[in-house]
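Trainee: Hey, dropping input_39.tsv in here, TSV, C-alpha atoms:
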chain	number	residue	atom	x	y	z
H	1	MET	CA	11.14	-3.55	4.53
H	2	ASP	CA	14.08	-4.42	6.78
H	3	GLY	CA	15.31	-7.68	8.25
H	4	ASN	CA	15.53	-10.10	5.31
H	5	GLY	CA	19.23	-10.78	5.84
H	6	ARG	CA	18.94	-11.16	9.62
H	7	TRP	CA	15.98	-13.50	9.19
H	8	ALA	CA	18.00	-15.72	6.86
H	9	HIS	CA	21.11	-15.59	9.06
H	10	GLY	CA	19.09	-16.63	12.09
H	11	LYS	CA	17.91	-19.72	10.26
H	12	GLY	CA	21.28	-20.61	8.74
H	13	LEU	CA	20.10	-19.74	5.23
H	14	GLU	CA	21.47	-17.60	2.41
H	15	ARG	CA	20.48	-13.92	2.35
H	16	LEU	CA	18.55	-14.46	-0.87
H	17	ASN	CA	16.32	-16.93	0.98
H	18	GLY	CA	15.38	-14.06	3.27
H	19	HIS	CA	14.49	-11.90	0.28
H	20	GLU	CA	12.37	-14.72	-1.15
H	21	ARG	CA	10.48	-15.00	2.13
H	22	GLY	CA	10.18	-11.21	2.14
H	23	ALA	CA	8.33	-11.42	-1.18
H	24	GLU	CA	5.65	-13.43	0.60
H	25	ALA	CA	5.28	-10.57	3.08
H	26	VAL	CA	4.79	-8.17	0.18
H	27	ARG	CA	2.04	-10.36	-1.24
H	28	ASP	CA	0.26	-10.59	2.13
H	29	CYS	CA	0.49	-6.87	2.86
H	30	VAL	CA	-0.79	-5.86	-0.56
H	31	LYS	CA	-3.85	-8.01	0.11
H	32	GLY	CA	-4.19	-6.50	3.55
H	33	CYS	CA	-4.05	-2.97	2.18
H	34	ARG	CA	-6.73	-3.81	-0.37
H	35	GLU	CA	-8.96	-5.17	2.40
H	36	LEU	CA	-8.42	-2.02	4.48
H	37	GLY	CA	-9.16	0.30	1.57
H	38	VAL	CA	-5.68	1.81	1.54
H	39	GLU	CA	-5.24	3.84	-1.65
H	40	TYR	CA	-1.44	4.06	-1.82
H	41	LEU	CA	1.28	1.69	-0.61
H	42	THR	CA	4.93	2.56	-1.23
H	43	LEU	CA	7.52	-0.17	-0.65
H	44	TYR	CA	11.21	0.68	-0.31
H	45	ALA	CA	12.41	-2.26	-2.37
H	46	PHE	CA	15.94	-1.29	-3.45
H	47	SER	CA	17.98	1.79	-2.59
H	48	THR	CA	20.82	3.38	-4.55
H	49	GLU	CA	23.08	2.29	-1.68
H	50	ASN	CA	22.04	-1.34	-2.23
H	51	TRP	CA	24.12	-1.39	-5.44
H	52	LYS	CA	27.15	-1.69	-3.12
H	53	ARG	CA	26.06	-5.16	-2.05
H	54	PRO	CA	27.74	-8.26	-3.53
H	55	LYS	CA	26.97	-8.58	-7.23
H	56	ALA	CA	25.47	-12.05	-6.81
H	57	GLU	CA	22.99	-10.77	-4.23
H	58	VAL	CA	22.04	-7.76	-6.36
H	59	MET	CA	21.43	-9.87	-9.45
H	60	GLY	CA	19.50	-12.38	-7.36
H	61	LEU	CA	17.26	-9.56	-6.13
H	62	MET	CA	16.65	-8.37	-9.68
H	63	LYS	CA	15.69	-11.88	-10.83
H	64	LEU	CA	13.48	-12.28	-7.77
H	65	LEU	CA	11.70	-9.05	-8.68
H	66	GLU	CA	11.16	-10.26	-12.24
H	67	ARG	CA	9.73	-13.57	-11.03
H	68	PHE	CA	7.50	-11.82	-8.51
H	69	ILE	CA	6.07	-9.51	-11.18
H	70	SER	CA	5.45	-12.38	-13.58
H	71	LYS	CA	3.78	-14.52	-10.91
H	72	GLU	CA	1.73	-11.78	-9.26
H	73	LEU	CA	0.58	-9.80	-12.30
H	74	PRO	CA	-2.68	-11.76	-12.80
H	75	GLU	CA	-3.55	-11.29	-9.13
H	76	LEU	CA	-2.66	-7.59	-9.22
H	77	ASN	CA	-5.08	-7.13	-12.08
H	78	ALA	CA	-7.74	-9.25	-10.40
H	79	GLN	CA	-7.46	-7.08	-7.28
H	80	GLY	CA	-7.45	-3.82	-9.25
H	81	VAL	CA	-3.91	-2.91	-8.15
H	82	ARG	CA	-2.05	-0.32	-10.21
H	83	LEU	CA	1.75	-0.76	-10.23
H	84	GLN	CA	4.06	2.26	-10.32
H	85	THR	CA	7.74	2.94	-9.61
H	86	ILE	CA	9.88	5.77	-8.29
H	87	GLY	CA	13.66	6.07	-8.44
H	88	ARG	CA	16.32	5.87	-11.11
H	89	THR	CA	14.90	2.75	-12.71
H	90	SER	CA	17.13	3.36	-15.74
H	91	ASP	CA	19.91	1.86	-13.58
H	92	LEU	CA	18.10	-1.50	-13.40
H	93	PRO	CA	19.00	-4.39	-15.74
H	94	GLU	CA	17.21	-4.35	-19.07
H	95	SER	CA	15.20	-7.49	-18.32
H	96	THR	CA	14.01	-6.01	-15.01
H	97	ARG	CA	13.01	-2.75	-16.68
H	98	ALA	CA	11.09	-4.69	-19.33
H	99	ALA	CA	9.20	-6.70	-16.71
H	100	LEU	CA	8.31	-3.53	-14.79
H	101	SER	CA	7.27	-1.66	-17.92
H	102	GLY	CA	4.98	-4.48	-18.99
H	103	ALA	CA	3.36	-4.72	-15.57
H	104	ILE	CA	2.90	-0.95	-15.31
H	105	GLU	CA	1.23	-0.88	-18.70
H	106	SER	CA	-0.93	-3.91	-17.90
H	107	THR	CA	-2.21	-2.42	-14.63
H	108	ALA	CA	-2.48	1.22	-15.77
H	109	ALA	CA	-6.28	1.24	-15.91
H	110	ASN	CA	-6.76	-0.33	-12.46
H	111	THR	CA	-8.44	1.94	-9.92
H	112	GLY	CA	-7.84	0.14	-6.63
H	113	LEU	CA	-4.65	0.29	-4.59
H	114	THR	CA	-1.68	2.05	-6.20
H	115	LEU	CA	1.42	0.00	-5.37
H	116	VAL	CA	4.58	2.11	-5.71
H	117	LEU	CA	7.93	0.31	-5.76
H	118	ALA	CA	10.90	2.48	-4.81
H	119	LEU	CA	13.71	1.00	-6.91
H	120	SER	CA	17.25	2.35	-7.17
H	121	TYR	CA	15.78	5.07	-4.98
H	122	SER	CA	17.49	7.72	-2.90
H	123	SER	CA	15.59	10.62	-1.39
H	124	ARG	CA	18.64	12.89	-1.56
H	125	VAL	CA	19.06	12.06	-5.25
H	126	GLU	CA	15.35	12.72	-5.75
H	127	ILE	CA	15.69	16.17	-4.19
H	128	VAL	CA	18.81	16.91	-6.27
H	129	ASP	CA	16.93	15.90	-9.43
H	130	ALA	CA	14.04	18.19	-8.44
H	131	VAL	CA	16.37	21.13	-7.83
H	132	GLN	CA	18.13	20.60	-11.15
H	133	SER	CA	14.77	20.44	-12.94
H	134	LEU	CA	13.71	23.73	-11.34
H	135	ALA	CA	17.05	25.30	-12.26
H	136	ARG	CA	16.56	24.32	-15.89
H	137	GLU	CA	13.15	25.99	-15.92
H	138	VAL	CA	14.62	29.15	-14.44
H	139	GLN	CA	17.46	29.11	-16.97
H	140	ALA	CA	14.98	28.70	-19.82
H	141	GLY	CA	12.97	31.68	-18.58
H	142	ARG	CA	9.88	29.59	-17.78
H	143	LEU	CA	10.08	30.08	-14.01
H	144	ASN	CA	10.73	33.05	-11.75
H	145	PRO	CA	12.99	32.02	-8.83
H	146	ALA	CA	10.69	33.96	-6.50
H	147	ALA	CA	7.90	31.55	-7.47
H	148	ILE	CA	9.76	28.52	-6.12
H	149	ASP	CA	7.89	27.38	-3.02
H	150	GLU	CA	7.10	24.05	-1.33
H	151	ALA	CA	4.43	23.26	-3.90
H	152	ALA	CA	6.84	23.91	-6.77
H	153	ILE	CA	9.41	21.55	-5.28
H	154	ALA	CA	6.76	18.88	-4.66
H	155	ARG	CA	5.71	19.07	-8.31
H	156	HIS	CA	9.24	18.11	-9.36
H	157	LEU	CA	9.67	15.15	-7.03
H	158	TYR	CA	9.29	11.55	-8.20
H	159	THR	CA	6.16	11.36	-6.04
H	160	ARG	CA	4.41	14.35	-7.61
H	161	ASP	CA	1.41	12.20	-8.59
H	162	TYR	CA	0.95	10.69	-5.11
H	163	PRO	CA	-0.07	12.09	-1.72
H	164	ASP	CA	2.47	12.30	1.11
H	165	PRO	CA	2.42	9.18	3.31
H	166	GLU	CA	0.25	9.20	6.41
H	167	LEU	CA	1.92	6.20	8.04
H	168	LEU	CA	5.48	4.85	7.84
H	169	ILE	CA	6.01	1.28	9.04
H	170	ARG	CA	9.61	0.34	9.82
H	171	THR	CA	10.28	-3.35	10.48
H	172	SER	CA	13.08	-5.06	12.45
H	173	GLY	CA	13.23	-2.35	15.11
H	174	GLU	CA	15.44	0.02	13.14
H	175	MET	CA	15.14	3.68	14.13
H	176	ARG	CA	16.29	5.48	11.00
H	177	LEU	CA	14.84	6.67	7.68
H	178	SER	CA	17.60	5.23	5.50
H	179	ASN	CA	17.27	7.97	2.87
H	180	PHE	CA	13.58	7.27	2.24
H	181	LEU	CA	11.10	10.02	1.28
H	182	LEU	CA	12.85	12.66	3.39
H	183	TRP	CA	10.73	15.51	2.02
H	184	GLN	CA	7.45	13.61	1.96
H	185	LEU	CA	7.63	12.24	5.52
H	186	SER	CA	7.57	15.64	7.25
H	187	TYR	CA	4.22	14.99	8.99
H	188	THR	CA	4.02	11.22	8.67
H	189	GLU	CA	3.27	9.07	11.71
H	190	PHE	CA	5.96	6.44	12.43
H	191	TYR	CA	5.30	2.89	13.58
H	192	ILE	CA	8.32	0.78	14.57
H	193	THR	CA	8.04	-2.97	15.04
H	194	ASP	CA	10.71	-5.50	16.01
H	195	THR	CA	9.18	-8.01	13.59
H	196	LEU	CA	11.56	-8.83	10.74
H	197	TRP	CA	10.08	-8.17	7.32
H	198	PRO	CA	9.91	-11.84	6.23
H	199	ASP	CA	7.65	-12.53	9.24
H	200	PHE	CA	5.45	-9.42	8.73
H	201	ARG	CA	1.90	-10.37	7.79
H	202	LYS	CA	-1.59	-8.89	7.58
H	203	ASP	CA	-2.13	-9.10	11.35
H	204	ASP	CA	1.00	-6.99	11.85
H	205	LEU	CA	-0.28	-4.50	9.27
H	206	TYR	CA	-3.65	-4.30	11.00
H	207	GLU	CA	-1.94	-3.66	14.34
H	208	ALA	CA	0.06	-0.80	12.80
H	209	VAL	CA	-3.10	0.73	11.38
H	210	ARG	CA	-4.91	0.38	14.72
H	211	ALA	CA	-2.02	2.19	16.42
H	212	PHE	CA	-2.14	4.89	13.74
H	213	GLY	CA	-5.86	5.34	14.36
H	214	LYS	CA	-5.14	6.30	17.98
H	215	ARG	CA	-2.72	9.08	17.06
H	216	GLN	CA	-3.69	12.75	17.23
H	217	ARG	CA	-2.26	14.42	14.13
H	218	ARG	CA	-1.80	18.16	14.71
H	219	PHE	CA	0.47	19.07	11.77
H	220	GLY	CA	2.25	21.63	13.94
H	221	GLY	CA	-0.94	22.97	15.50
H	222	ILE	CA	-2.36	22.57	18.99
Please rewrite the model in this file as structure tokens.
Mentor:
Amino acid sequence: MDGNGRWAHGKGLERLNGHERGAEAVRDCVKGCRELGVEYLTLYAFSTENWKRPKAEVMGLMKLLERFISKELPELNAQGVRLQTIGRTSDLPESTRAALSGAIESTAANTGLTLVLALSYSSRVEIVDAVQSLAREVQAGRLNPAAIDEAAIARHLYTRDYPDPELLIRTSGEMRLSNFLLWQLSYTEFYITDTLWPDFRKDDLYEAVRAFGKRQRRFGGI
């Protein structure tokens, strides 16, 4: 979800104002995904690299996340949305972790869209964590190294309970992955739009899905 800062800069506003407007885009796209029957939506909300940003901006983002959860929780439940997270969420402030934990518990029984927030997330860190977990199993004698295959690695990723993405939408015209789901995106279709995330709405989502529907997915075949 890229372009919050540029959106704010272009309007002479603070970067946090761009993030606040970006939260509206999240709300609209969650509704759009529910209307389309999408089963899983993963949002790259905060990367491990984002901790390098100014402390005031980081803390503002955490508070914005807490307010968003508090405000949207009734609607998430009404829409049958199940909230989940991936990443090193233990790095988040205690109040943010508490808000997330409460929302995850509250929505656990919902069977509609699964909304996955990638928070303090790094795909390289995820892969390192998976390798270390496999190494511990080998060391403990519970796993034969010869049995380590793609499926074994996938079972140790943060996303082990979710399918690999079918469509990746990248806003603001950026042409890079930014350390997002490097393993999982192997056969994902990419859709790049110049629209900045704060301006991204359901119509933009529908256009991305229409474009996806025209793709021929061969998965390495003919």
Trainee: Write out as a PyMOL selection string the residues lying within 10 Å of Leu73 of chain H, counting all atoms listed in the file and excluding same-chain residues fewer than 6 positions away.
Mentor: chain H and resi 67+79+81+83+102-104+106-107
Trainee: When distances are computed from only C-alpha atoms, which of H:Arg124, H:Lys214, H:Arg82, H:Arg142 shows the smallest separation from Asn179 of chain H?
Mentor: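 That would be H:Arg124, the residue with the smallest distance to Asn179 of chain H.
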Trainee: Please compute the atom CA of Val30 of chain H-atom CA of Leu76 of chain H distance, one decimal, in Å.
Mentor: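 Computing the Euclidean distance for atom CA of Val30 of chain H and atom CA of Leu76 of chain H yields 9.0 Å.
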Trainee: For Leu41 of chain H, which of H:Thr193, H:Thr171, H:Thr85, H:Ser120 is the closest residue, counting only C-alpha atoms?
Mentor: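 Of H:Thr193, H:Thr171, H:Thr85, H:Ser120, the one nearest Leu41 of chain H, counting only C-alpha atoms, is H:Thr85.
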Trainee: Atom CA of Leu119 of chain H to atom CA of Phe180 of chain H: how many Å, to one decimal?
Mentor: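 Computed distance, atom CA of Leu119 of chain H to atom CA of Phe180 of chain H, equals 11.1 Å.
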Trainee: Can you work out the spacing between atom CA of Met175 of chain H and atom CA of Tyr44 of chain H in Å, to one decimal?
Mentor: 15.3 Å
Trainee: With distances taken over all atoms listed in the file, which of H:Leu185, H:Ala109, H:Ile153, H:Leu168 is nearest to Phe219 of chain H?
Mentor: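 The answer is H:Leu185, which sits nearest to Phe219 of chain H.
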Trainee: List every protein, DNA or RNA residue with an atom no more than 10 Å from (1.5, 6.1, 8.3) in the file's coordinates, counting only C-alpha atoms, and format the result as a PyMOL selection string.
Mentor: chain H and resi 41+164-169+185+187-191+208-209+211-213
Trainee: Could you check the closest approach to Ser122 of chain H for each of H:Arg53, H:Arg88, H:Arg218, H:Arg136 and tell me which residue wins, using all atoms listed in the file?
Mentor: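 Between H:Arg53, H:Arg88, H:Arg218, H:Arg136, the residue approaching Ser122 of chain H most closely is H:Arg88.
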Trainee: My list of candidates is H:Cys29, H:Thr48, H:Lys63, H:Ala56. Which is closest to Glu14 of chain H when distances are computed with only C-alpha atoms?
Mentor: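 Selected residue with least distance to Glu14 of chain H: H:Ala56.
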Trainee: For Ala98 of chain H, list every protein, DNA or RNA residue within 12 Å, evaluated using all atoms listed in the file, and leave out those in the same chain fewer than 3 positions away; present the list as a list in words.
Mentor: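 Skipping anything fewer than 3 positions along the chain leaves Met62, Leu65, Glu66, Ile69, Ser70, Thr89, Ser90, Leu92, Pro93, Glu94, Ser95, Ser101, Gly102, Ala103, Ile104 and Glu105 of chain H.
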Trainee: Pick the closest to Val131 of chain H from H:Leu13, H:Leu143, H:Ala118, H:Leu157: which is it, counting all atoms listed in the file?
Mentor: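 When distances to Val131 of chain H are compared using all atoms listed in the file, the smallest one comes from H:Leu157.
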Trainee: With all atoms listed in the file as the counted atoms, please give the residues lying no more than 8 Å from Phe200 of chain H, apart from itself and same-chain residues fewer than 5 positions off, as a PyMOL selection string.
Mentor: chain H and resi 25+171+195+205
